[in-house]
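Below is the file data.json, which contains JSON, C-alpha atoms.
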[["chain", "number", "residue", "atom", "x", "y", "z"],
["A", 2, "MET", "CA", -4.23, -26.77, -6.50],
["A", 3, "GLN", "CA", -7.72, -25.29, -6.13],
["A", 4, "ALA", "CA", -8.21, -21.65, -5.24],
["A", 5, "VAL", "CA", -9.27, -20.89, -1.67],
["A", 6, "ILE", "CA", -12.10, -18.34, -1.64],
["A", 7, "ALA", "CA", -13.35, -16.47, 1.41],
["A", 8, "CYS", "CA", -16.99, -15.46, 1.07],
["A", 9, "ASP", "CA", -18.23, -12.80, 3.45],
["A", 10, "ASN", "CA", -21.96, -11.98, 3.39],
["A", 11, "ILE", "CA", -22.00, -13.13, -0.22],
["A", 12, "ASP", "CA", -25.80, -12.93, -0.48],
["A", 13, "THR", "CA", -26.10, -9.24, 0.36],
["A", 14, "PRO", "CA", -24.84, -6.13, -1.46],
["A", 15, "TYR", "CA", -23.85, -4.49, 1.83],
["A", 16, "THR", "CA", -20.89, -5.00, 4.14],
["A", 17, "PRO", "CA", -21.46, -5.14, 7.91],
["A", 18, "TYR", "CA", -18.33, -3.09, 8.61],
["A", 19, "GLU", "CA", -17.70, 0.52, 9.46],
["A", 20, "ARG", "CA", -14.72, 0.49, 7.07],
["A", 21, "LEU", "CA", -13.44, -2.05, 4.55],
["A", 22, "LEU", "CA", -9.72, -1.23, 4.54],
["A", 23, "VAL", "CA", -7.66, -2.67, 1.68],
["A", 24, "ILE", "CA", -3.88, -2.60, 1.29],
["A", 25, "ALA", "CA", -2.35, -3.77, -1.98],
["A", 26, "ASP", "CA", 1.15, -5.03, -2.82],
["A", 27, "ILE", "CA", 3.55, -4.36, 0.09],
["A", 28, "HIS", "CA", 6.72, -6.02, -1.27],
["A", 29, "GLY", "CA", 8.79, -5.90, 1.89],
["A", 30, "GLY", "CA", 7.91, -2.28, 2.67],
["A", 31, "HIS", "CA", 7.53, -2.70, 6.42],
["A", 32, "LYS", "CA", 8.02, 0.96, 7.33],
["A", 33, "ALA", "CA", 5.28, 2.02, 4.92],
["A", 34, "LEU", "CA", 2.96, -0.70, 6.24],
["A", 35, "VAL", "CA", 3.43, 0.34, 9.87],
["A", 36, "ALA", "CA", 2.91, 4.00, 8.96],
["A", 37, "LEU", "CA", -0.40, 3.21, 7.23],
["A", 38, "LEU", "CA", -1.67, 1.02, 10.07],
["A", 39, "GLU", "CA", -0.83, 3.76, 12.57],
["A", 40, "GLU", "CA", -2.57, 6.33, 10.38],
["A", 41, "VAL", "CA", -5.82, 4.44, 9.74],
["A", 42, "GLN", "CA", -5.97, 2.64, 13.12],
["A", 43, "PRO", "CA", -8.11, -0.39, 12.18],
["A", 44, "GLY", "CA", -10.77, -0.82, 14.86],
["A", 45, "PRO", "CA", -13.14, -3.58, 15.97],
["A", 46, "GLY", "CA", -15.77, -2.39, 13.49],
["A", 47, "ASP", "CA", -13.42, -2.56, 10.50],
["A", 48, "LEU", "CA", -12.25, -5.34, 8.21],
["A", 49, "LEU", "CA", -8.63, -5.17, 7.03],
["A", 50, "VAL", "CA", -7.84, -6.92, 3.74],
["A", 51, "THR", "CA", -4.40, -7.28, 2.17],
["A", 52, "LEU", "CA", -4.19, -8.24, -1.50],
["A", 53, "GLY", "CA", -0.97, -10.29, -1.59],
["A", 54, "ASP", "CA", 2.64, -9.76, -2.69],
["A", 55, "TYR", "CA", 3.85, -9.11, 0.85],
["A", 56, "ILE", "CA", 7.39, -10.23, 0.10],
["A", 57, "ASP", "CA", 10.30, -9.78, -2.35],
["A", 58, "ARG", "CA", 12.07, -6.73, -3.78],
["A", 59, "GLY", "CA", 11.81, -4.57, -0.65],
["A", 60, "PRO", "CA", 14.18, -4.96, 2.33],
["A", 61, "ASP", "CA", 11.89, -6.18, 5.13],
["A", 62, "SER", "CA", 9.78, -9.14, 3.99],
["A", 63, "ARG", "CA", 10.31, -10.99, 7.27],
["A", 64, "GLU", "CA", 8.99, -8.05, 9.29],
["A", 65, "VAL", "CA", 6.02, -7.60, 6.95],
["A", 66, "LEU", "CA", 4.91, -11.20, 7.42],
["A", 67, "ALA", "CA", 5.33, -10.93, 11.19],
["A", 68, "GLU", "CA", 3.11, -7.83, 11.23],
["A", 69, "LEU", "CA", 0.44, -9.50, 9.09],
["A", 70, "ARG", "CA", 0.47, -12.56, 11.32],
["A", 71, "ASN", "CA", -0.12, -10.25, 14.28],
["A", 72, "GLN", "CA", -3.02, -8.59, 12.47],
["A", 73, "SER", "CA", -4.48, -12.00, 11.68],
["A", 74, "ALA", "CA", -4.22, -13.09, 15.31],
["A", 75, "ARG", "CA", -6.22, -10.03, 16.37],
["A", 76, "GLY", "CA", -9.07, -11.03, 14.03],
["A", 77, "LYS", "CA", -11.13, -8.97, 11.58],
["A", 78, "SER", "CA", -8.56, -9.33, 8.79],
["A", 79, "VAL", "CA", -8.33, -11.35, 5.56],
["A", 80, "HIS", "CA", -5.05, -11.89, 3.72],
["A", 81, "LEU", "CA", -4.80, -12.95, 0.09],
["A", 82, "ARG", "CA", -1.97, -14.76, -1.66],
["A", 83, "GLY", "CA", -0.23, -13.17, -4.63],
["A", 84, "ASN", "CA", 2.14, -14.55, -7.23],
["A", 85, "HIS", "CA", 5.19, -13.81, -5.05],
["A", 86, "GLU", "CA", 3.80, -15.91, -2.20],
["A", 87, "GLY", "CA", 3.12, -18.63, -4.76],
["A", 88, "MET", "CA", 6.71, -18.50, -5.99],
["A", 89, "LEU", "CA", 8.11, -18.72, -2.46],
["A", 90, "LEU", "CA", 5.89, -21.69, -1.61],
["A", 91, "MET", "CA", 6.90, -23.58, -4.76],
["A", 92, "ALA", "CA", 10.58, -22.81, -4.20],
["A", 93, "MET", "CA", 10.99, -23.19, -0.44],
["A", 94, "SER", "CA", 7.99, -24.84, 1.20],
["A", 95, "PRO", "CA", 8.66, -28.13, 2.99],
["A", 96, "ALA", "CA", 5.13, -29.24, 2.11],
["A", 97, "PRO", "CA", 4.92, -31.88, -0.64],
["A", 98, "GLY", "CA", 3.24, -31.03, -3.90],
["A", 99, "MET", "CA", 3.98, -27.31, -3.88],
["A", 100, "ALA", "CA", 5.73, -27.59, -7.26],
["A", 101, "ASP", "CA", 2.25, -28.30, -8.66],
["A", 102, "MET", "CA", 0.62, -25.23, -7.07],
["A", 103, "TYR", "CA", -0.22, -23.95, -10.56],
["A", 104, "ASP", "CA", -1.31, -25.94, -13.58],
["A", 105, "ARG", "CA", 1.66, -27.53, -15.27],
["A", 106, "ASN", "CA", 0.88, -25.81, -18.56],
["A", 107, "ALA", "CA", 0.76, -22.37, -16.92],
["A", 108, "VAL", "CA", 3.44, -20.12, -18.38],
["A", 109, "ASN", "CA", 4.73, -19.11, -14.95],
["A", 110, "ASP", "CA", 5.18, -22.62, -13.52],
["A", 111, "ALA", "CA", 8.67, -23.96, -14.09],
["A", 112, "ALA", "CA", 7.47, -27.31, -12.65],
["A", 113, "SER", "CA", 10.91, -28.28, -11.33],
["A", 114, "PRO", "CA", 12.59, -27.53, -7.96],
["A", 115, "ALA", "CA", 15.60, -25.79, -9.52],
["A", 116, "GLY", "CA", 13.42, -23.89, -11.99],
["A", 117, "ASN", "CA", 11.03, -22.77, -9.26],
["A", 118, "MET", "CA", 13.94, -21.60, -7.09],
["A", 119, "HIS", "CA", 15.56, -19.73, -9.98],
["A", 120, "MET", "CA", 12.27, -18.05, -10.85],
["A", 121, "TRP", "CA", 11.62, -16.88, -7.30],
["A", 122, "LEU", "CA", 15.16, -15.58, -6.73],
["A", 123, "SER", "CA", 15.02, -13.77, -10.08],
["A", 124, "ASN", "CA", 11.87, -11.93, -8.98],
["A", 125, "GLY", "CA", 13.01, -10.52, -5.66],
["A", 126, "GLY", "CA", 13.29, -13.69, -3.59],
["A", 127, "LEU", "CA", 16.92, -12.98, -2.81],
["A", 128, "GLU", "CA", 15.95, -9.83, -0.92],
["A", 129, "THR", "CA", 13.43, -11.87, 1.07],
["A", 130, "LEU", "CA", 16.10, -14.39, 2.10],
["A", 131, "GLU", "CA", 18.42, -11.53, 3.05],
["A", 132, "SER", "CA", 15.76, -10.19, 5.42],
["A", 133, "TYR", "CA", 15.59, -13.58, 7.17],
["A", 134, "CYS", "CA", 19.37, -14.02, 7.26],
["A", 135, "ARG", "CA", 20.18, -10.67, 8.93],
["A", 136, "ASP", "CA", 19.98, -12.17, 12.41],
["A", 137, "ALA", "CA", 20.29, -15.87, 11.56],
["A", 138, "GLY", "CA", 24.01, -16.33, 12.27],
["A", 139, "ALA", "CA", 27.15, -17.25, 10.37],
["A", 140, "THR", "CA", 25.91, -20.53, 8.89],
["A", 141, "ALA", "CA", 22.95, -18.86, 7.22],
["A", 142, "ALA", "CA", 25.17, -16.04, 5.98],
["A", 143, "LYS", "CA", 27.55, -18.57, 4.41],
["A", 144, "SER", "CA", 24.66, -20.39, 2.71],
["A", 145, "LEU", "CA", 23.30, -17.08, 1.42],
["A", 146, "THR", "CA", 26.71, -16.21, -0.07],
["A", 147, "GLY", "CA", 26.84, -19.61, -1.75],
["A", 148, "LEU", "CA", 23.34, -19.16, -3.09],
["A", 149, "LYS", "CA", 24.24, -15.78, -4.59],
["A", 150, "LYS", "CA", 27.24, -17.32, -6.38],
["A", 151, "ALA", "CA", 25.13, -20.18, -7.68],
["A", 152, "LEU", "CA", 22.46, -17.74, -8.83],
["A", 153, "HIS", "CA", 25.06, -15.59, -10.60],
["A", 154, "GLY", "CA", 26.37, -18.69, -12.37],
["A", 155, "SER", "CA", 22.87, -19.69, -13.42],
["A", 156, "TYR", "CA", 22.30, -16.24, -14.92],
["A", 157, "ARG", "CA", 25.60, -16.41, -16.80],
["A", 158, "LEU", "CA", 25.22, -19.97, -18.08],
["A", 159, "GLY", "CA", 21.46, -20.22, -18.26],
["A", 160, "MET", "CA", 21.44, -22.97, -15.60],
["A", 161, "ARG", "CA", 22.67, -25.44, -18.21],
["A", 162, "THR", "CA", 24.58, -27.83, -15.99],
["A", 163, "ARG", "CA", 23.39, -30.31, -13.41],
["A", 164, "ALA", "CA", 25.86, -28.76, -10.96],
["A", 165, "ASP", "CA", 24.12, -25.37, -11.27],
["A", 166, "LYS", "CA", 20.76, -26.92, -10.45],
["A", 167, "GLU", "CA", 22.12, -29.01, -7.58],
["A", 168, "ALA", "CA", 23.82, -25.95, -6.06],
["A", 169, "LEU", "CA", 20.57, -23.96, -6.07],
["A", 170, "ILE", "CA", 18.67, -26.83, -4.47],
["A", 171, "ARG", "CA", 21.38, -27.46, -1.85],
["A", 172, "TYR", "CA", 21.62, -23.87, -0.69],
["A", 173, "ALA", "CA", 17.85, -23.45, -0.79],
["A", 174, "ALA", "CA", 17.45, -26.47, 1.48],
["A", 175, "GLU", "CA", 19.95, -24.98, 3.92],
["A", 176, "LEU", "CA", 18.21, -21.60, 3.90],
["A", 177, "ALA", "CA", 14.65, -22.95, 4.22],
["A", 178, "ALA", "CA", 15.32, -23.31, 7.94],
["A", 179, "VAL", "CA", 15.67, -19.52, 8.39],
["A", 180, "ILE", "CA", 12.01, -19.04, 7.43],
["A", 181, "PRO", "CA", 10.00, -19.87, 10.55],
["A", 182, "PRO", "CA", 7.26, -22.51, 10.31],
["A", 183, "GLU", "CA", 4.65, -19.95, 11.33],
["A", 184, "ASP", "CA", 5.37, -17.95, 8.16],
["A", 185, "PHE", "CA", 4.90, -21.01, 5.95],
["A", 186, "LEU", "CA", 1.70, -21.80, 7.88],
["A", 187, "PHE", "CA", 0.41, -18.26, 7.40],
["A", 188, "LEU", "CA", 1.07, -18.32, 3.64],
["A", 189, "ARG", "CA", -0.26, -21.84, 3.07],
["A", 190, "THR", "CA", -3.20, -21.97, 5.48],
["A", 191, "THR", "CA", -4.24, -18.53, 6.72],
["A", 192, "CYS", "CA", -4.04, -16.77, 3.36],
["A", 193, "VAL", "CA", -6.78, -17.22, 0.76],
["A", 194, "ASP", "CA", -6.89, -16.57, -2.97],
["A", 195, "ALA", "CA", -10.00, -14.38, -3.28],
["A", 196, "LEU", "CA", -12.53, -12.60, -1.11],
["A", 197, "VAL", "CA", -16.15, -11.70, -1.80],
["A", 198, "SER", "CA", -17.57, -9.03, 0.49],
["A", 199, "GLY", "CA", -20.89, -7.51, -0.42],
["A", 200, "ARG", "CA", -20.58, -5.83, -3.82],
["A", 201, "PHE", "CA", -16.79, -6.27, -3.90],
["A", 202, "ILE", "CA", -14.67, -9.06, -5.38],
["A", 203, "LEU", "CA", -11.07, -8.85, -4.18],
["A", 204, "VAL", "CA", -8.21, -10.74, -5.86],
["A", 205, "HIS", "CA", -4.50, -10.18, -6.25],
["A", 206, "GLY", "CA", -4.11, -10.25, -10.00],
["A", 207, "GLY", "CA", -6.50, -11.39, -12.69],
["A", 208, "TYR", "CA", -10.13, -12.30, -13.15],
["A", 209, "SER", "CA", -12.14, -13.61, -16.06],
["A", 210, "ALA", "CA", -15.61, -12.15, -16.42],
["A", 211, "HIS", "CA", -16.65, -15.27, -18.32],
["A", 212, "CYS", "CA", -16.11, -17.64, -15.36],
["A", 213, "SER", "CA", -17.59, -17.82, -11.88],
["A", 214, "LEU", "CA", -15.25, -17.06, -9.02],
["A", 215, "LYS", "CA", -14.97, -20.76, -8.18],
["A", 216, "GLU", "CA", -13.92, -21.49, -11.77],
["A", 217, "GLN", "CA", -11.02, -19.02, -11.78],
["A", 218, "SER", "CA", -7.59, -20.71, -11.94],
["A", 219, "LEU", "CA", -4.84, -19.92, -9.45],
["A", 220, "ALA", "CA", -2.64, -18.83, -12.34],
["A", 221, "THR", "CA", -5.27, -16.22, -13.26],
["A", 222, "LEU", "CA", -5.92, -15.02, -9.70],
["A", 223, "HIS", "CA", -2.20, -14.70, -8.88],
["A", 224, "TRP", "CA", -0.52, -13.88, -12.20],
["A", 225, "GLY", "CA", -3.22, -12.60, -14.52],
["A", 226, "THR", "CA", -4.87, -9.29, -15.25],
["A", 227, "PRO", "CA", -8.62, -8.56, -15.36],
["A", 228, "SER", "CA", -10.21, -9.39, -18.69],
["A", 229, "ALA", "CA", -11.60, -6.48, -20.69],
["A", 230, "ALA", "CA", -15.16, -7.53, -19.88],
["A", 231, "CYS", "CA", -14.46, -6.97, -16.17],
["A", 232, "THR", "CA", -14.92, -3.24, -16.72],
["A", 233, "SER", "CA", -18.67, -3.95, -16.99],
["A", 234, "LEU", "CA", -19.10, -6.26, -14.00],
["A", 235, "SER", "CA", -22.04, -5.53, -11.70],
["A", 236, "GLU", "CA", -19.65, -5.91, -8.75],
["A", 237, "THR", "CA", -16.52, -3.84, -8.12],
["A", 238, "LEU", "CA", -13.37, -5.88, -8.81],
["A", 239, "VAL", "CA", -10.49, -4.78, -6.55],
["A", 240, "VAL", "CA", -7.00, -5.84, -7.64],
["A", 241, "GLY", "CA", -3.29, -5.24, -7.06],
["A", 242, "HIS", "CA", -0.43, -6.66, -9.16],
["A", 243, "GLN", "CA", -0.33, -3.93, -11.83],
["A", 244, "ILE", "CA", 1.40, -0.71, -10.77],
["A", 245, "THR", "CA", -0.64, 2.36, -11.61],
["A", 246, "ARG", "CA", 1.09, 4.95, -13.75],
["A", 247, "ARG", "CA", 0.52, 7.95, -11.50],
["A", 248, "ARG", "CA", 1.10, 5.94, -8.27],
["A", 249, "LEU", "CA", -2.49, 6.66, -7.23],
["A", 250, "PRO", "CA", -5.52, 4.36, -6.99],
["A", 251, "MET", "CA", -7.12, 4.06, -10.42],
["A", 252, "ARG", "CA", -10.61, 3.07, -11.52],
["A", 253, "VAL", "CA", -11.43, 1.69, -14.98],
["A", 254, "GLY", "CA", -15.13, 0.91, -15.17],
["A", 255, "SER", "CA", -15.85, -1.71, -12.52],
["A", 256, "ILE", "CA", -12.15, -2.38, -11.83],
["A", 257, "LEU", "CA", -10.28, -0.66, -8.99],
["A", 258, "TYR", "CA", -6.47, -0.87, -9.17],
["A", 259, "LEU", "CA", -4.63, -0.33, -5.86],
["A", 260, "ASP", "CA", -0.99, -1.34, -6.51],
["A", 261, "THR", "CA", 0.90, 1.95, -6.40],
["A", 262, "GLY", "CA", 4.44, 0.59, -6.60],
["A", 263, "SER", "CA", 5.54, -0.01, -3.01],
["A", 264, "ALA", "CA", 9.26, -0.96, -2.98],
["A", 265, "CYS", "CA", 9.17, -1.70, -6.72],
["A", 266, "VAL", "CA", 9.81, 1.72, -8.28],
["A", 267, "ALA", "CA", 11.69, 4.74, -7.00],
["A", 268, "ASP", "CA", 8.56, 6.83, -6.48],
["A", 269, "GLY", "CA", 6.43, 3.91, -5.31],
["A", 270, "ARG", "CA", 3.91, 4.28, -2.50],
["A", 271, "LEU", "CA", 1.89, 1.87, -0.38],
["A", 272, "THR", "CA", -1.84, 2.55, -0.47],
["A", 273, "CYS", "CA", -4.66, 1.76, 1.94],
["A", 274, "MET", "CA", -8.22, 2.48, 0.82],
["A", 275, "ASP", "CA", -11.53, 2.27, 2.63],
["A", 276, "LEU", "CA", -13.74, 0.81, -0.08],
["A", 277, "LEU", "CA", -16.92, 2.07, 1.60],
["A", 278, "SER", "CA", -15.97, 5.76, 1.69],
["A", 279, "LEU", "CA", -13.26, 5.66, -1.05],
["A", 280, "GLN", "CA", -10.93, 7.56, 1.27],
["A", 281, "PHE", "CA", -7.31, 6.51, 0.79],
["A", 282, "TRP", "CA", -3.93, 7.07, 2.43],
["A", 283, "GLN", "CA", -0.42, 6.55, 1.09],
["A", 284, "ALA", "CA", 2.97, 6.05, 2.72],
["A", 285, "ASP", "CA", 6.44, 6.19, 1.16],
["A", 286, "GLN", "CA", 9.21, 3.69, 1.79],
["A", 287, "ALA", "CA", 10.68, 5.85, 4.57],
["A", 288, "GLY", "CA", 7.47, 5.34, 6.54],
["A", 289, "ARG", "CA", 6.01, 8.79, 6.03],
["A", 290, "ILE", "CA", 2.38, 9.48, 5.17],
["A", 291, "CYS", "CA", 2.87, 11.31, 1.88],
["A", 292, "HIS", "CA", -0.63, 11.64, 0.48],
["A", 293, "ALA", "CA", -4.31, 11.25, 1.35],
["A", 294, "GLY", "CA", -7.35, 11.72, -0.81],
["A", 295, "LYS", "CA", -10.70, 10.39, -1.93],
["A", 296, "LEU", "CA", -11.63, 8.61, -5.12],
["A", 297, "LYS", "CA", -14.73, 9.62, -7.01],
["A", 298, "SER", "CA", -17.82, 7.48, -6.47],
["A", 299, "LEU", "CA", -17.77, 3.96, -7.94],
["A", 300, "SER", "CA", -21.44, 4.16, -8.83]]

Written form, structure tokens:
Amino acid sequence: MQAVIACDNIDTPYTPYERLLVIADIHGGHKALVALLEEVQPGPGDLLVTLGDYIDRGPDSREVLAELRNQSARGKSVHLRGNHEGMLLMAMSPAPGMADMYDRNAVNDAASPAGNMHMWLSNGGLETLESYCRDAGATAAKSLTGLKKALHGSYRLGMRTRADKEALIRYAAELAAVIPPEDFLFLRTTCVDALVSGRFILVHGGYSAHCSLKEQSLATLHWGTPSAACTSLSETLVVGHQITRRRLPMRVGSILYLDTGSACVADGRLTCMDLLSLQFWQADQAGRICHAGKLKSLS
């Protein structure tokens, strides 16, 4: 599957916005997301960009996607896909061909329905399904219980038997109905894989300085890390995916890292940064603004 790239004023080094607001990996942290949006108040002169990994691990993936769909409907926002969205689409999407979303020789592509499901559930997908099943009724709850038992068996036995694989597929098919079509549509159609805006290149995960943006593979953009040569790019490369050690935005040469551990580590925070002023805000998982600051100039 070819990467989808959004190019905004690609021929000019300047952005036509008052603020270019970027939020990195949210991971089901709905309270933190709402707190940041209320704090920064994106306006008609701003562009809001989210870098992917909206789901998994945290408790409220369903609510996060609903909020991002609302932001998208209002306009002036761009939403990227991350590796967790890729895993969900390969595991649960009713669209044909999603098992081939990544190259078959990519290390992170199990290339089988049961393998894709196991991989997603093992990386926080279970928490995402729980968020959808909270208000979905007794049938969904029963399927979720069955899925947990099948997943436990697959951990214990290494998914050796055909019965293990069939159980995962059966329960996944039953639970796919709890994810509304508009969420699949948002992840498959609204979201893109990279954004170019003025002097900024925004991706979820990795980037190779030796390839053009159009030549980057989905496996690199979603799962990778910036190559060492990216520190000397003429543009600023803005990424998520790798949690910063001090839970603060971090700059290494031309690379700006914004994943500060939302819902993934005990002291994780969700960060929003205005790339034009380098002002940033952070919220904890309880939905409290816990820090604000300004990064030193990128020049």

Using all atoms listed in the file: which of A:Val204, A:Leu122, A:Ala177, A:Ala74 has the shortest distance to Ser218 of chain A = A:Val204

Padding 8 Å on every side, please: axis-aligned box over the listed atoms of segment 74-86 of chain A, centre and edge lengths to one decimal in Å, as lines of an AutoDock Vina configuration file.
center_x = -3.0
center_y = -12.4
center_z = 4.6
size_x = 32.3
size_y = 22.9
size_z = 39.6

Can you pull out every residue within 12 Å of Glu39 of chain A, counting only C-alpha atoms, but drop anything in the same chain fewer than 3 positions away, and send it as JSON, numbers by chain?
-> {"A": [32, 33, 34, 35, 36, 42, 43, 44, 273, 282, 283, 284, 288, 289, 290]}

Preceding selection exported with C-alpha atoms as a compact mmCIF listing (two decimals), in the coordinates of the input:
# COMPACT_ATOMS: atom_id res chain seq x y z
CA LYS A 32 8.02 0.96 7.33
CA ALA A 33 5.28 2.02 4.92
CA LEU A 34 2.96 -0.70 6.24
CA VAL A 35 3.43 0.34 9.87
CA ALA A 36 2.91 4.00 8.96
CA GLN A 42 -5.97 2.64 13.12
CA PRO A 43 -8.11 -0.39 12.18
CA GLY A 44 -10.77 -0.82 14.86
CA CYS A 273 -4.66 1.76 1.94
CA TRP A 282 -3.93 7.07 2.43
CA GLN A 283 -0.42 6.55 1.09
CA ALA A 284 2.97 6.05 2.72
CA GLY A 288 7.47 5.34 6.54
CA ARG A 289 6.01 8.79 6.03
CA ILE A 290 2.38 9.48 5.17

Contacts of segment 185-194 of chain A within 9 Å, all atoms listed in the file, excl. fewer than 2 positions in-chain, as an MDAnalysis selection string = chainID A and resid 4:7 52:53 66 69:70 73 79:83 86:87 90 94:95 180:183 196 203:205 219 222:223

Using C-alpha atoms, can you export the residues from the last selection as a PDB file, in the frame of the given file?
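So the final result, stored in selection08.pdb, reads:
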ATOM      1  CA  ALA A   4      -8.210 -21.650  -5.240  1.00  0.00           C
ATOM      2  CA  VAL A   5      -9.270 -20.890  -1.670  1.00  0.00           C
ATOM      3  CA  ILE A   6     -12.100 -18.340  -1.640  1.00  0.00           C
ATOM      4  CA  ALA A   7     -13.350 -16.470   1.410  1.00  0.00           C
ATOM      5  CA  LEU A  52      -4.190  -8.240  -1.500  1.00  0.00           C
ATOM      6  CA  GLY A  53      -0.970 -10.290  -1.590  1.00  0.00           C
ATOM      7  CA  LEU A  66       4.910 -11.200   7.420  1.00  0.00           C
ATOM      8  CA  LEU A  69       0.440  -9.500   9.090  1.00  0.00           C
ATOM      9  CA  ARG A  70       0.470 -12.560  11.320  1.00  0.00           C
ATOM     10  CA  SER A  73      -4.480 -12.000  11.680  1.00  0.00           C
ATOM     11  CA  VAL A  79      -8.330 -11.350   5.560  1.00  0.00           C
ATOM     12  CA  HIS A  80      -5.050 -11.890   3.720  1.00  0.00           C
ATOM     13  CA  LEU A  81      -4.800 -12.950   0.090  1.00  0.00           C
ATOM     14  CA  ARG A  82      -1.970 -14.760  -1.660  1.00  0.00           C
ATOM     15  CA  GLY A  83      -0.230 -13.170  -4.630  1.00  0.00           C
ATOM     16  CA  GLU A  86       3.800 -15.910  -2.200  1.00  0.00           C
ATOM     17  CA  GLY A  87       3.120 -18.630  -4.760  1.00  0.00           C
ATOM     18  CA  LEU A  90       5.890 -21.690  -1.610  1.00  0.00           C
ATOM     19  CA  SER A  94       7.990 -24.840   1.200  1.00  0.00           C
ATOM     20  CA  PRO A  95       8.660 -28.130   2.990  1.00  0.00           C
ATOM     21  CA  ILE A 180      12.010 -19.040   7.430  1.00  0.00           C
ATOM     22  CA  PRO A 181      10.000 -19.870  10.550  1.00  0.00           C
ATOM     23  CA  PRO A 182       7.260 -22.510  10.310  1.00  0.00           C
ATOM     24  CA  GLU A 183       4.650 -19.950  11.330  1.00  0.00           C
ATOM     25  CA  LEU A 196     -12.530 -12.600  -1.110  1.00  0.00           C
ATOM     26  CA  LEU A 203     -11.070  -8.850  -4.180  1.00  0.00           C
ATOM     27  CA  VAL A 204      -8.210 -10.740  -5.860  1.00  0.00           C
ATOM     28  CA  HIS A 205      -4.500 -10.180  -6.250  1.00  0.00           C
ATOM     29  CA  LEU A 219      -4.840 -19.920  -9.450  1.00  0.00           C
ATOM     30  CA  LEU A 222      -5.920 -15.020  -9.700  1.00  0.00           C
ATOM     31  CA  HIS A 223      -2.200 -14.700  -8.880  1.00  0.00           C
TER      32      HIS A 223
END

By how many Å are atom CA of Asn117 of chain A and atom CA of Thr226 of chain A apart?
->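 Taking atom CA of Asn117 of chain A as the start and atom CA of Thr226 of chain A as the end point, the length is 21.7 Å.
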
Separation of atom CA of Gly207 of chain A from atom CA of Val239 of chain A, in Å and rounded to one decimal |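 These atoms are spaced 9.9 Å apart.
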
Atomic distance atom CA of Gly29 of chain A - atom CA of Ala174 of chain A, expressed in Å with one decimal =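 Rounded to one decimal, the two atoms are 22.3 Å apart.
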
Could you pull the residues within 7 Å of segment 251-254 of chain A, counting all atoms listed in the file, minus those fewer than 6 positions along the same chain, as a list of chain:residue names?
->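 Here the answer would be A:Thr232, A:Ser233, A:Thr245.
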
Of A:Leu214, A:Arg171, A:Ala267, A:Pro250, the one nearest to Leu279 of chain A when counting all atoms listed in the file is A:Pro250

Nearest-residue call for Ile256 of chain A, choices A:Ile202, A:Ile56, A:Ala230, A:Leu238, using all atoms listed in the file |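 Smallest distance to Ile256 of chain A is found for A:Leu238.
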
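With all atoms listed in the file as the atoms that count, the residue of A:Leu257, A:His31, A:Tyr208, A:Ala25 with the shortest distance to Asp285 of chain A is A:His31.
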
Rebuild segment 24-32 of chain A to N, CA, C and O atoms - output it as a short mmCIF file (atom, residue, chain, number, x, y, z; two decimals), in the frame of the given file, please.
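Result file selection.cif:
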data_model
loop_
_atom_site.label_atom_id
_atom_site.label_comp_id
_atom_site.auth_asym_id
_atom_site.auth_seq_id
_atom_site.Cartn_x
_atom_site.Cartn_y
_atom_site.Cartn_z
N ILE A 24 -5.27 -2.96 1.59
CA ILE A 24 -3.88 -2.60 1.29
C ILE A 24 -3.39 -3.54 0.20
O ILE A 24 -3.50 -4.76 0.31
N ALA A 25 -2.83 -2.96 -0.87
CA ALA A 25 -2.35 -3.77 -1.98
C ALA A 25 -0.89 -4.16 -1.76
O ALA A 25 -0.38 -4.18 -0.64
N ASP A 26 -0.18 -4.43 -2.82
CA ASP A 26 1.15 -5.03 -2.82
C ASP A 26 2.12 -4.27 -1.91
O ASP A 26 2.40 -3.09 -2.14
N ILE A 27 2.67 -4.97 -0.91
CA ILE A 27 3.55 -4.36 0.09
C ILE A 27 5.02 -4.55 -0.28
O ILE A 27 5.84 -3.65 -0.10
N HIS A 28 5.38 -5.71 -0.78
CA HIS A 28 6.72 -6.02 -1.27
C HIS A 28 7.84 -5.64 -0.29
O HIS A 28 8.78 -4.93 -0.63
N GLY A 29 7.72 -6.12 0.94
CA GLY A 29 8.79 -5.90 1.89
C GLY A 29 8.90 -4.49 2.44
O GLY A 29 9.88 -4.15 3.11
N GLY A 30 7.89 -3.67 2.19
CA GLY A 30 7.91 -2.28 2.67
C GLY A 30 7.32 -2.16 4.07
O GLY A 30 6.22 -1.62 4.24
N HIS A 31 8.05 -2.64 5.06
CA HIS A 31 7.53 -2.70 6.42
C HIS A 31 7.29 -1.31 7.01
O HIS A 31 6.28 -1.08 7.69
N LYS A 32 8.19 -0.38 6.78
CA LYS A 32 8.02 0.96 7.33
C LYS A 32 6.75 1.61 6.80
O LYS A 32 6.00 2.26 7.55
#
